[in-house]
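Data file: coords07.txt. Format and content: compact mmCIF, N, CA and C atoms.
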# COMPACT_ATOMS: atom_id res chain seq x y z
N MET U 734 11.35 -11.31 18.27
CA MET U 734 10.83 -10.09 17.65
C MET U 734 10.31 -9.17 18.75
N THR U 735 10.54 -7.92 18.60
CA THR U 735 10.15 -6.98 19.64
C THR U 735 8.93 -6.14 19.25
N TYR U 736 8.31 -6.50 18.15
CA TYR U 736 7.04 -5.89 17.77
C TYR U 736 6.21 -6.95 17.04
N LYS U 737 4.91 -6.73 17.02
CA LYS U 737 4.03 -7.71 16.38
C LYS U 737 2.83 -6.99 15.79
N ILE U 738 2.48 -7.35 14.55
CA ILE U 738 1.26 -6.82 13.95
C ILE U 738 0.11 -7.64 14.53
N VAL U 739 -0.74 -6.98 15.31
CA VAL U 739 -1.80 -7.70 16.01
C VAL U 739 -3.13 -7.67 15.25
N SER U 740 -3.26 -6.72 14.31
CA SER U 740 -4.49 -6.64 13.54
C SER U 740 -4.22 -5.94 12.22
N LYS U 741 -4.91 -6.37 11.16
CA LYS U 741 -4.79 -5.75 9.83
C LYS U 741 -6.17 -5.68 9.22
N TYR U 742 -6.46 -4.57 8.55
CA TYR U 742 -7.76 -4.44 7.91
C TYR U 742 -7.72 -3.37 6.83
N ILE U 743 -8.67 -3.45 5.90
CA ILE U 743 -8.80 -2.42 4.87
C ILE U 743 -9.53 -1.25 5.52
N LYS U 744 -8.86 -0.12 5.59
CA LYS U 744 -9.42 1.06 6.23
C LYS U 744 -10.21 1.91 5.23
N ASP U 745 -9.71 1.98 4.01
CA ASP U 745 -10.37 2.79 2.98
C ASP U 745 -10.04 2.19 1.62
N LEU U 746 -10.99 2.31 0.70
CA LEU U 746 -10.82 1.72 -0.61
C LEU U 746 -11.52 2.60 -1.63
N SER U 747 -10.82 2.94 -2.71
CA SER U 747 -11.43 3.70 -3.79
C SER U 747 -11.14 2.97 -5.08
N PHE U 748 -12.18 2.42 -5.67
CA PHE U 748 -12.07 1.68 -6.92
C PHE U 748 -13.33 1.99 -7.72
N GLU U 749 -13.25 3.02 -8.50
CA GLU U 749 -14.43 3.50 -9.21
C GLU U 749 -14.19 3.51 -10.70
N ILE U 750 -15.13 2.92 -11.44
CA ILE U 750 -15.10 2.97 -12.89
C ILE U 750 -16.38 3.71 -13.29
N ALA U 751 -16.19 4.93 -13.79
CA ALA U 751 -17.32 5.85 -14.02
C ALA U 751 -18.27 5.41 -15.13
N GLY U 752 -17.84 4.54 -16.01
CA GLY U 752 -18.70 4.10 -17.10
C GLY U 752 -17.89 3.31 -18.12
N ALA U 753 -18.55 2.99 -19.24
CA ALA U 753 -17.92 2.16 -20.26
C ALA U 753 -16.64 2.80 -20.82
N LYS U 754 -16.67 4.10 -21.08
CA LYS U 754 -15.49 4.77 -21.62
C LYS U 754 -14.31 4.66 -20.64
N ALA U 755 -14.58 4.91 -19.36
CA ALA U 755 -13.53 4.82 -18.34
C ALA U 755 -13.01 3.39 -18.23
N TYR U 756 -13.92 2.41 -18.35
CA TYR U 756 -13.52 1.00 -18.28
C TYR U 756 -12.54 0.68 -19.41
N PHE U 757 -12.90 1.04 -20.64
CA PHE U 757 -12.04 0.72 -21.78
C PHE U 757 -10.72 1.49 -21.75
N LEU U 758 -10.75 2.74 -21.29
CA LEU U 758 -9.52 3.51 -21.14
C LEU U 758 -8.60 2.88 -20.09
N LEU U 759 -9.20 2.46 -19.00
CA LEU U 759 -8.42 1.83 -17.93
C LEU U 759 -7.82 0.52 -18.41
N GLU U 760 -8.64 -0.29 -19.08
CA GLU U 760 -8.16 -1.58 -19.58
C GLU U 760 -7.02 -1.39 -20.59
N LYS U 761 -7.17 -0.40 -21.46
CA LYS U 761 -6.17 -0.14 -22.50
C LYS U 761 -4.87 0.42 -21.91
N ASN U 762 -4.97 1.25 -20.88
CA ASN U 762 -3.81 1.98 -20.36
C ASN U 762 -3.27 1.51 -19.02
N ILE U 763 -3.74 0.39 -18.51
CA ILE U 763 -3.34 -0.05 -17.18
C ILE U 763 -1.82 -0.22 -17.06
N LYS U 764 -1.16 -0.59 -18.15
CA LYS U 764 0.30 -0.77 -18.10
C LYS U 764 1.03 0.56 -17.92
N ASN U 765 0.33 1.67 -18.17
CA ASN U 765 0.92 3.00 -18.01
C ASN U 765 0.63 3.62 -16.65
N PHE U 766 0.18 2.83 -15.72
CA PHE U 766 -0.15 3.35 -14.40
C PHE U 766 1.06 3.27 -13.47
N LEU U 767 1.13 4.21 -12.57
CA LEU U 767 2.20 4.27 -11.57
C LEU U 767 1.68 3.76 -10.23
N VAL U 768 2.55 3.10 -9.49
CA VAL U 768 2.22 2.65 -8.15
C VAL U 768 2.98 3.55 -7.18
N ASN U 769 2.25 4.20 -6.30
CA ASN U 769 2.85 5.04 -5.27
C ASN U 769 2.33 4.61 -3.91
N PHE U 770 3.09 4.94 -2.89
CA PHE U 770 2.69 4.59 -1.53
C PHE U 770 2.75 5.81 -0.63
N ASP U 771 1.86 5.83 0.33
CA ASP U 771 1.89 6.82 1.39
C ASP U 771 1.76 6.03 2.69
N ILE U 772 2.66 6.28 3.61
CA ILE U 772 2.65 5.54 4.87
C ILE U 772 2.58 6.54 6.02
N LYS U 773 1.56 6.37 6.84
CA LYS U 773 1.36 7.26 7.99
C LYS U 773 1.18 6.42 9.24
N SER U 774 1.52 7.01 10.36
CA SER U 774 1.34 6.29 11.62
C SER U 774 0.73 7.22 12.67
N LYS U 775 0.08 6.57 13.62
CA LYS U 775 -0.56 7.31 14.71
C LYS U 775 -0.46 6.45 15.97
N LYS U 776 -0.01 7.08 17.04
CA LYS U 776 0.10 6.37 18.31
C LYS U 776 -1.30 6.16 18.90
N ILE U 777 -1.59 4.92 19.23
CA ILE U 777 -2.89 4.58 19.83
C ILE U 777 -2.78 4.61 21.35
N ASN U 778 -1.74 3.98 21.87
CA ASN U 778 -1.45 4.04 23.31
C ASN U 778 0.05 3.83 23.51
N GLN U 779 0.46 3.58 24.71
CA GLN U 779 1.88 3.46 25.04
C GLN U 779 2.62 2.47 24.15
N ASN U 780 2.00 1.33 23.83
CA ASN U 780 2.68 0.26 23.10
C ASN U 780 2.12 -0.03 21.71
N VAL U 781 1.07 0.65 21.31
CA VAL U 781 0.41 0.32 20.03
C VAL U 781 0.41 1.54 19.10
N ILE U 782 0.81 1.27 17.85
CA ILE U 782 0.80 2.29 16.81
C ILE U 782 -0.02 1.77 15.64
N GLU U 783 -0.85 2.63 15.09
CA GLU U 783 -1.61 2.30 13.88
C GLU U 783 -0.77 2.77 12.69
N VAL U 784 -0.50 1.87 11.75
CA VAL U 784 0.25 2.19 10.55
C VAL U 784 -0.67 2.03 9.35
N ASP U 785 -0.87 3.12 8.62
CA ASP U 785 -1.69 3.10 7.40
C ASP U 785 -0.77 3.07 6.19
N THR U 786 -0.85 1.99 5.43
CA THR U 786 -0.09 1.85 4.19
C THR U 786 -1.09 2.01 3.05
N THR U 787 -0.96 3.11 2.30
CA THR U 787 -1.90 3.38 1.22
C THR U 787 -1.20 3.23 -0.12
N LEU U 788 -1.76 2.38 -0.97
CA LEU U 788 -1.28 2.21 -2.33
C LEU U 788 -2.14 3.07 -3.23
N TYR U 789 -1.50 3.86 -4.07
CA TYR U 789 -2.20 4.67 -5.08
C TYR U 789 -1.78 4.17 -6.45
N LEU U 790 -2.75 3.92 -7.29
CA LEU U 790 -2.51 3.52 -8.66
C LEU U 790 -3.07 4.63 -9.53
N SER U 791 -2.20 5.32 -10.25
CA SER U 791 -2.66 6.46 -11.05
C SER U 791 -2.00 6.46 -12.42
N SER U 792 -2.68 7.07 -13.37
CA SER U 792 -2.20 7.10 -14.74
C SER U 792 -1.06 8.09 -14.92
N LYS U 793 -0.02 7.66 -15.64
CA LYS U 793 1.09 8.56 -15.98
C LYS U 793 0.64 9.57 -17.02
N LYS U 794 -0.26 9.15 -17.90
CA LYS U 794 -0.61 9.96 -19.07
C LYS U 794 -1.94 10.69 -18.94
N ASP U 795 -2.96 10.01 -18.45
CA ASP U 795 -4.30 10.58 -18.45
C ASP U 795 -4.73 10.91 -17.03
N THR U 796 -4.66 12.19 -16.68
CA THR U 796 -5.03 12.60 -15.32
C THR U 796 -6.53 12.56 -15.08
N ASN U 797 -7.31 12.33 -16.14
CA ASN U 797 -8.77 12.22 -15.98
C ASN U 797 -9.20 10.85 -15.48
N LEU U 798 -8.31 9.86 -15.60
CA LEU U 798 -8.66 8.54 -15.08
C LEU U 798 -8.59 8.57 -13.56
N THR U 799 -9.67 8.14 -12.93
CA THR U 799 -9.75 8.16 -11.49
C THR U 799 -8.71 7.24 -10.88
N PRO U 800 -7.90 7.76 -9.97
CA PRO U 800 -6.91 6.88 -9.34
C PRO U 800 -7.59 5.85 -8.43
N ILE U 801 -6.93 4.75 -8.28
CA ILE U 801 -7.40 3.67 -7.41
C ILE U 801 -6.52 3.69 -6.17
N SER U 802 -7.14 3.53 -5.02
CA SER U 802 -6.33 3.53 -3.80
C SER U 802 -6.88 2.52 -2.80
N ILE U 803 -5.95 1.96 -2.05
CA ILE U 803 -6.30 1.04 -0.96
C ILE U 803 -5.47 1.45 0.25
N CYS U 804 -6.17 1.77 1.34
CA CYS U 804 -5.49 2.07 2.60
C CYS U 804 -5.64 0.85 3.50
N PHE U 805 -4.53 0.23 3.80
CA PHE U 805 -4.50 -0.97 4.62
C PHE U 805 -3.92 -0.58 5.98
N SER U 806 -4.69 -0.75 7.01
CA SER U 806 -4.27 -0.33 8.34
C SER U 806 -3.79 -1.53 9.17
N SER U 807 -2.71 -1.29 9.91
CA SER U 807 -2.13 -2.34 10.76
C SER U 807 -1.97 -1.79 12.17
N LEU U 808 -2.36 -2.56 13.15
CA LEU U 808 -2.10 -2.20 14.53
C LEU U 808 -0.87 -2.99 14.97
N VAL U 809 0.14 -2.23 15.39
CA VAL U 809 1.43 -2.84 15.73
C VAL U 809 1.68 -2.66 17.22
N ASN U 810 1.90 -3.77 17.89
CA ASN U 810 2.20 -3.77 19.32
C ASN U 810 3.72 -3.85 19.50
N PHE U 811 4.26 -2.88 20.23
CA PHE U 811 5.70 -2.84 20.51
C PHE U 811 5.94 -3.34 21.92
N GLU U 812 6.81 -4.34 22.04
CA GLU U 812 7.09 -4.95 23.33
C GLU U 812 8.19 -4.23 24.09
N LYS U 813 8.86 -3.29 23.43
CA LYS U 813 9.92 -2.53 24.10
C LYS U 813 10.02 -1.15 23.45
N GLU U 814 10.77 -0.29 24.07
CA GLU U 814 11.03 1.04 23.52
C GLU U 814 12.08 0.94 22.42
N PHE U 815 11.89 1.71 21.37
CA PHE U 815 12.85 1.77 20.28
C PHE U 815 13.38 3.18 20.14
N GLU U 816 14.59 3.27 19.63
CA GLU U 816 15.10 4.58 19.26
C GLU U 816 14.29 5.07 18.07
N LYS U 817 14.25 6.37 17.89
CA LYS U 817 13.43 6.97 16.83
C LYS U 817 13.75 6.37 15.45
N LYS U 818 15.01 6.21 15.12
CA LYS U 818 15.42 5.69 13.82
C LYS U 818 14.94 4.24 13.61
N GLU U 819 15.05 3.42 14.65
CA GLU U 819 14.58 2.03 14.57
C GLU U 819 13.06 1.99 14.38
N MET U 820 12.37 2.81 15.14
CA MET U 820 10.91 2.88 15.05
C MET U 820 10.47 3.31 13.65
N GLU U 821 11.15 4.30 13.13
CA GLU U 821 10.84 4.82 11.80
C GLU U 821 11.00 3.71 10.75
N LYS U 822 12.04 2.94 10.86
CA LYS U 822 12.30 1.87 9.89
C LYS U 822 11.24 0.76 9.98
N ILE U 823 10.82 0.44 11.18
CA ILE U 823 9.75 -0.55 11.35
C ILE U 823 8.47 -0.05 10.68
N ILE U 824 8.13 1.20 10.94
CA ILE U 824 6.88 1.78 10.42
C ILE U 824 6.93 1.96 8.90
N LEU U 825 8.05 2.42 8.38
CA LEU U 825 8.14 2.77 6.96
C LEU U 825 8.66 1.64 6.05
N VAL U 826 9.24 0.60 6.65
CA VAL U 826 9.79 -0.49 5.83
C VAL U 826 9.17 -1.84 6.20
N GLU U 827 9.31 -2.23 7.45
CA GLU U 827 8.93 -3.58 7.84
C GLU U 827 7.42 -3.84 7.78
N VAL U 828 6.63 -2.93 8.31
CA VAL U 828 5.17 -3.12 8.28
C VAL U 828 4.64 -3.10 6.85
N PRO U 829 4.99 -2.10 6.03
CA PRO U 829 4.50 -2.13 4.63
C PRO U 829 4.95 -3.38 3.86
N LYS U 830 6.18 -3.82 4.09
CA LYS U 830 6.68 -5.03 3.42
C LYS U 830 5.83 -6.24 3.80
N THR U 831 5.41 -6.28 5.05
CA THR U 831 4.59 -7.40 5.54
C THR U 831 3.18 -7.38 4.96
N VAL U 832 2.56 -6.20 4.83
CA VAL U 832 1.16 -6.13 4.39
C VAL U 832 0.99 -5.99 2.88
N TYR U 833 2.07 -5.63 2.17
CA TYR U 833 1.94 -5.42 0.72
C TYR U 833 1.33 -6.62 -0.02
N PRO U 834 1.72 -7.87 0.27
CA PRO U 834 1.09 -8.98 -0.46
C PRO U 834 -0.44 -8.99 -0.34
N GLN U 835 -0.98 -8.61 0.81
CA GLN U 835 -2.43 -8.57 0.97
C GLN U 835 -3.04 -7.39 0.21
N ILE U 836 -2.35 -6.28 0.17
CA ILE U 836 -2.82 -5.13 -0.61
C ILE U 836 -2.87 -5.53 -2.09
N ARG U 837 -1.82 -6.15 -2.57
CA ARG U 837 -1.72 -6.58 -3.97
C ARG U 837 -2.83 -7.59 -4.29
N GLU U 838 -3.03 -8.54 -3.42
CA GLU U 838 -4.06 -9.55 -3.60
C GLU U 838 -5.45 -8.91 -3.67
N THR U 839 -5.70 -7.93 -2.82
CA THR U 839 -6.99 -7.23 -2.82
C THR U 839 -7.19 -6.48 -4.13
N LEU U 840 -6.15 -5.80 -4.59
CA LEU U 840 -6.24 -5.06 -5.84
C LEU U 840 -6.51 -6.00 -7.01
N PHE U 841 -5.81 -7.14 -7.07
CA PHE U 841 -6.04 -8.12 -8.13
C PHE U 841 -7.47 -8.64 -8.08
N TYR U 842 -7.96 -8.90 -6.90
CA TYR U 842 -9.33 -9.39 -6.74
C TYR U 842 -10.32 -8.37 -7.32
N LEU U 843 -10.14 -7.09 -7.00
CA LEU U 843 -11.03 -6.05 -7.50
C LEU U 843 -10.99 -5.96 -9.02
N PHE U 844 -9.79 -5.99 -9.59
CA PHE U 844 -9.68 -5.95 -11.04
C PHE U 844 -10.32 -7.17 -11.69
N GLU U 845 -10.06 -8.34 -11.13
CA GLU U 845 -10.62 -9.57 -11.68
C GLU U 845 -12.15 -9.54 -11.65
N LYS U 846 -12.73 -9.15 -10.54
CA LYS U 846 -14.18 -9.11 -10.40
C LYS U 846 -14.82 -7.99 -11.22
N SER U 847 -13.97 -7.04 -11.69
CA SER U 847 -14.46 -5.95 -12.53
C SER U 847 -14.28 -6.26 -14.02
N GLY U 848 -13.80 -7.47 -14.33
CA GLY U 848 -13.71 -7.90 -15.72
C GLY U 848 -12.36 -7.70 -16.38
N PHE U 849 -11.37 -7.25 -15.64
CA PHE U 849 -10.04 -7.06 -16.21
C PHE U 849 -9.27 -8.37 -16.16
N LYS U 850 -8.52 -8.64 -17.24
CA LYS U 850 -7.83 -9.92 -17.31
C LYS U 850 -6.32 -9.82 -17.19
N ASN U 851 -5.71 -8.85 -17.77
CA ASN U 851 -4.25 -8.79 -17.83
C ASN U 851 -3.66 -7.66 -17.00
N VAL U 852 -3.99 -7.65 -15.73
CA VAL U 852 -3.46 -6.62 -14.84
C VAL U 852 -2.21 -7.20 -14.18
N ASP U 853 -1.15 -6.43 -14.22
CA ASP U 853 0.09 -6.87 -13.60
C ASP U 853 0.56 -5.79 -12.64
N LEU U 854 1.03 -6.20 -11.51
CA LEU U 854 1.53 -5.28 -10.49
C LEU U 854 2.74 -5.93 -9.86
N GLN U 855 3.76 -5.14 -9.65
CA GLN U 855 5.00 -5.68 -9.09
C GLN U 855 4.72 -6.63 -7.94
N LYS U 856 5.35 -7.79 -8.01
CA LYS U 856 5.18 -8.78 -6.95
C LYS U 856 5.88 -8.32 -5.67
N GLU U 857 7.04 -7.70 -5.83
CA GLU U 857 7.80 -7.22 -4.68
C GLU U 857 8.01 -5.71 -4.82
N ILE U 858 7.89 -5.01 -3.72
CA ILE U 858 8.21 -3.59 -3.65
C ILE U 858 9.38 -3.45 -2.69
N ASP U 859 10.38 -2.71 -3.09
CA ASP U 859 11.56 -2.52 -2.24
C ASP U 859 11.32 -1.33 -1.31
N PHE U 860 10.65 -1.58 -0.20
CA PHE U 860 10.34 -0.52 0.75
C PHE U 860 11.61 0.05 1.39
N GLU U 861 12.62 -0.78 1.48
CA GLU U 861 13.92 -0.31 2.00
C GLU U 861 14.47 0.78 1.08
N LYS U 862 14.44 0.55 -0.21
CA LYS U 862 14.93 1.53 -1.19
C LYS U 862 14.07 2.79 -1.16
N LEU U 863 12.76 2.64 -1.08
CA LEU U 863 11.86 3.80 -0.99
C LEU U 863 12.18 4.63 0.24
N TYR U 864 12.43 3.95 1.34
CA TYR U 864 12.79 4.61 2.60
C TYR U 864 14.09 5.39 2.45
N GLU U 865 15.10 4.75 1.88
CA GLU U 865 16.39 5.40 1.70
C GLU U 865 16.29 6.61 0.76
N ASN U 866 15.51 6.45 -0.32
CA ASN U 866 15.33 7.56 -1.28
C ASN U 866 14.62 8.74 -0.63
N LYS U 867 13.67 8.45 0.23
CA LYS U 867 12.92 9.51 0.89
C LYS U 867 13.79 10.27 1.90
N LYS U 868 14.73 9.56 2.52
CA LYS U 868 15.64 10.19 3.48
C LYS U 868 16.62 11.13 2.79
N SER U 869 16.95 10.83 1.54
CA SER U 869 17.96 11.63 0.83
C SER U 869 17.44 13.00 0.41
Output the structure of this file as structure tokens.
Amino acid sequence: MTYKIVSKYIKDLSFEIAGAKAYFLLEKNIKNFLVNFDIKSKKINQNVIEVDTTLYLSSKKDTNLTPISICFSSLVNFEKEFEKKEMEKIILVEVPKTVYPQIRETLFYLFEKSGFKNVDLQKEIDFEKLYENKKS
């Protein structure tokens, strides 16, 4: 492997339930929520790039429900130079695919500790397909 994730951490987290009404609305409508991702990168030094994979969970129907978001940051060490296209694919596909299980686990933990019982979130996300769709 010519790159390695050397560190991972939760950079930002927004999980707010404004009150009882918001709790019951969220519990009732959680199946109507959309999962979206935003992936950004920033060069730290010659060989290290910070990749922020942010999951947004937002309501399709009720825009008043506060969206939930988790920004998971990864520091990636590159052992060699990559062409731009290869680098882009690592940042937008490989790193998010690697950290998504931890993002999902964190989200489930938050819901569970907040009293929600039947929250379901895709076990696998096809970051390759998202990447290809975004290029088109």
**OP:** Would you kindly return, as a PyMOL selection string, each protein, DNA or RNA residue with an atom no farther than 6 Å from any atom of Phe766 in chain U, considering only C-alpha atoms and excluding same-chain residues fewer than 3 positions away?
**Re:** chain U and resi 763+791-793
Subject >> Contacts of Tyr833 in chain U within 9 Å, only C-alpha atoms, excl. fewer than 2 positions in-chain, as a list in words >> reply: Thr786, Leu788, Phe805, Val828, Pro829, Lys830, Thr831, Gln835, Ile836, Arg837, Glu838, Lys856, Glu857 and Ile858 of chain U
Original post:
Which is closest to Asn780 in chain U among U:Ser740, U:Thr839, U:Asn762, U:Asn810, if we use all atoms listed in the file?
Top reply: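 Checking each of U:Ser740, U:Thr839, U:Asn762, U:Asn810 against Asn780 in chain U, counting all atoms listed in the file, the winner is U:Asn810.
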Original post:
atom C of Phe770 in chain U and CA of Phe849 in chain U, how far apart in Å?
Top reply: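 It comes out at 23.9 Å.
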Original post:
Between U:Ile782, U:Leu746, U:Val832, U:Ile823, which is the closest to Cys804 in chain U once you count all atoms listed in the file?
Top reply: U:Leu746
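The interatomic distance for the pair atom C of Asn769 in chain U and atom N of Glu816 in chain U works out to 26.6 Å.
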**OP:** Grab the atom N of Leu808 in chain U to atom N of Val739 in chain U distance for me, in Å with one decimal place.
**Re:**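 Separation of atom N of Leu808 in chain U and atom N of Val739 in chain U: 5.2 Å.
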**OP:** If you run DSSP over the backbone, which residues in chain U end up strand (DSSP E or B)? Put them as a VMD selection string.
**Re:** chain U and resid 736 to 747 766 to 776 781 to 792 801 to 811
Subject >> Selected residue, from U:Lys817, U:Lys775, U:Lys764, U:Lys822, that lies nearest to Gln855 in chain U when counting only C-alpha atoms >> reply: U:Lys764
